[in-house]
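Colleague: Before we start, here is the structure in question, set down as structure tokens.
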There are 2 protein chains.
Amino acid sequence: MSNAYNRPDQLSPELRRRVLETARRLGYPGPDPVARSLRTRKAGAVGLLLTENLSYAFRDPAAVGFLEGLSLACEEAGQGLLLVPANPEREDVAAVHRAGVDGFVVYSVPDDDPHLAAVLERPVPTVVCDQPDVDSVDRVGIDDREAIAAVARHLIELGHRRIGVVCMRLARDRNDGFVSVQRQREAHFHVQRARLAALADTFGAVGVEWTNVPVVERFDHTIASGATAAGQLLDRDPDLTAIICTSDILGLGALNEAHRRGLRVPQDLTVTGFDGITEAERAGLTTVRQPVLEKGRAAGRLLMDNADHGRPRTVTLDTELVIGTTAAAPKPVDQWYGP
Amino acid sequence: MSNAYNRPDQLSPELRRRVLETARRLGYPGPDPVARSLRTRKAGAVGLLLTENLSYAFRDPAAVGFLEGLSLACEEAGQGLLLVPANPEREDVAAVHRAGVDGFVVYSVPDDDPHLAAVLERPVPTVVCDQPDVDSVDRVGIDDREAIAAVARHLIELGHRRIGVVCMRLARDRNDGFVSVQRQREAHFHVQRARLAALADTFGAVGVEWTNVPVVERFDHTIASGATAAGQLLDRDPDLTAIICTSDILGLGALNEAHRRGLRVPQDLTVTGFDGITEAERAGLTTVRQPVLEKGRAAGRLLMDNADHGRPRTVTLDTELVIGTTAAAPKPVDQWYGP
DNA sequence: ATGAAAGCGCTAACAG
DNA sequence: CTGTTAGCGCTTTCAT
């Protein structure tokens, strides 16, 4: 009977037909997938853990791109994709425990997130992407330091020395405002930490004292947040010649705020982003393009490719500096004040 | 032991702590979610079936909106969301059988899709959204006939009589080109069928012979498809004064094609869409706004709201005609030729 | 508070 | 080709 459903080749087509028909007549709804999974030890699905509310994944274009890539890989392998409802507000890890999956992909999660810990305790393979800085687990990402250093070098060449930074959340607690150097260094989001460190190094190398560089953090990753963050920077230091944002979404917000204040971009203010989302390229934002779709696909393939790897594998994807129309040399007057 | 994990209240905290610690020391990874699901008869997840390749769901803004709403509802209920990899090319229904879920949401699927049939055979509740025209199952959608009739009336008032239509795929077979009235009537995608029928009725009421109205179908739902479809219409009948598209994506393509041909919109050609996606509203497309996010949320809530309903429930959401800048009265010269 | 046992529905292995 | 059986890991019930 089981064979009729699972091994069409093991019995005659005629018999199979008869069995199936009888089963249907008896109201048998087909094999229970859960019982089957228990027996075969295969759930046929990949779990995805995000730090944000589930719905956020569909609002952030970069996350959507990642999901598209991941779903592509799942489709190739005939696996389902289970979005795990891990609300970051609550510490409720139960959803991770309840997920019937053969493996996890963890995307954009702080390294001290209890959900991440719960995933790592599960006896299934895991691939982390971007944020978590976890040992002994497969990982896919980009070279965040080098990627944003390219932006920094570009601005340095243009002559910018008086800069401000807008970054995404650095830890699980909400901290909308200026960020101490200590908080930067202790950031639990690996990507943000790496980008800030690289900016500090690169600008430090040309004599910019990083402790004097204002960095503003935003918990919510929205265009509106980017705008208020840029406003905060400009309020404190109206002489900034450039605002570096660690994401395009924030960068688009900074652009809006500049326009709102009557600042011309790039004549009066340079703005940069990070990610290379469509909206940003359309706005001409100078940014770093990263292959978000490829990241998702690579993560999925790594997970599904069951070559039992002795040591954790790492996939590092390429990025590209995109010169848009939002960065230019600072106005001469600014350079007279400069260091 | 089971109690230690599931009923913290049934035993002393001290004991619980001890049990858990011992378990961990023994390398026990926590209760197996699949075995638990088998026993409790709850998978803790909702399955989503789409007719397209999984990854398509992340490329179409309307689908993304639907997913956002659905994930919102899942999150509320603490349920996971399992994207079922149902490749429409293959007839492989196994993925539906393997899905360990407590219910299904079916979105944008033709009424003769074998995946849909497989879902309906599973002994779990199901909610269909938009496309499938299935009896005795909960449904959420909009009044497609009335929604597009509003567009038709608007164009009629403006004076358009010589129109063409671009629609999405009408059945599972690829048919990129003009559509016979019969194929329109037999369309397996309920939404497309309803919209075409409403257009026929509304224009028919003012004396436009529907058999003379060219309708072009596209299998792929992309901007590029919309462009070539519009081109096909204009090639056959350069005197068209308006092109009605059954989606914004197609409408954006039609807009592109018009520009490419040097046709001014709306002076030389009127173009309309359907959905109300952001990109369309930004382009000023005259369209019908439908609450895609609400549709997803409503579908999820309907599914999760376990009030055992005697009869199937239906949720019909409101739509709104959005007057953009892509529709205007046809040029006088056209009217001279008109019927 | 703890232990023992039944059984969820299936698949894989083996005997006929 | 067909029928029988053990057991996947859990939760629940009942007995101690």
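Residue numbers start at 1 in each chain; chains themselves are named A, B, ... in the order of the structure tokens; ligands are numbered from 1 in the order shown.
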Kindly determine which residues of chain B lie within 10 Å of chain D, considering only C-alpha atoms (C1' of nucleotides), and give the answer as a PyMOL selection string.

Modeller: chain B and resi 2-3+6+31-40

Colleague: Export, as a CSV table (one decimal), in the first residue's frame, the selected residues with C-alpha atoms.

Modeller:
```csv
chain,number,residue,atom,x,y,z
B,2,SER,CA,8.2,15.9,28.4
B,3,ASN,CA,6.6,18.1,31.0
B,6,ASN,CA,6.0,21.7,27.7
B,31,PRO,CA,11.9,17.3,21.6
B,32,ASP,CA,11.8,16.4,17.9
B,33,PRO,CA,9.3,18.7,16.3
B,34,VAL,CA,8.1,16.2,13.7
B,35,ALA,CA,7.4,13.5,16.3
B,36,ARG,CA,5.6,16.1,18.4
B,37,SER,CA,3.6,17.2,15.4
B,38,LEU,CA,2.6,13.6,14.7
B,39,ARG,CA,1.4,13.2,18.2
B,40,THR,CA,-0.3,16.5,18.7
```

Colleague: So that I can check the surroundings of range 66-72 of chain B, please list as a count of residues only every protein, DNA and RNA residue that reaches within 7 Å of it, counting only C-alpha atoms (C1' of nucleotides) and ignoring chain neighbours fewer than 5 positions away.

Modeller: 12

Colleague: Have a look at A:Gly30, A:Val288, A:Arg139, A:Glu209 and name the one nearest to chain C; count only C-alpha atoms (C1' of nucleotides).

Modeller: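 Nearest to chain C: A:Gly30.
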
Colleague: Just asking: which residues within range 84-238 of chain A are helix (DSSP H, G or I) according to DSSP, as a VMD selection string?

Modeller: chain A and resid 94 to 98 114 to 121 144 to 158 181 to 185 190 to 204 210 to 212 223 to 236

Colleague: Any idea what's packed within 10 Å of Tyr28 in chain B, counting only C-alpha atoms (C1' of nucleotides), ignoring anything in its chain fewer than 4 positions away? Could you give it as JSON, numbers by chain?

Modeller: {"A": [121, 122, 123], "B": [20, 21, 22, 23, 24, 32]}
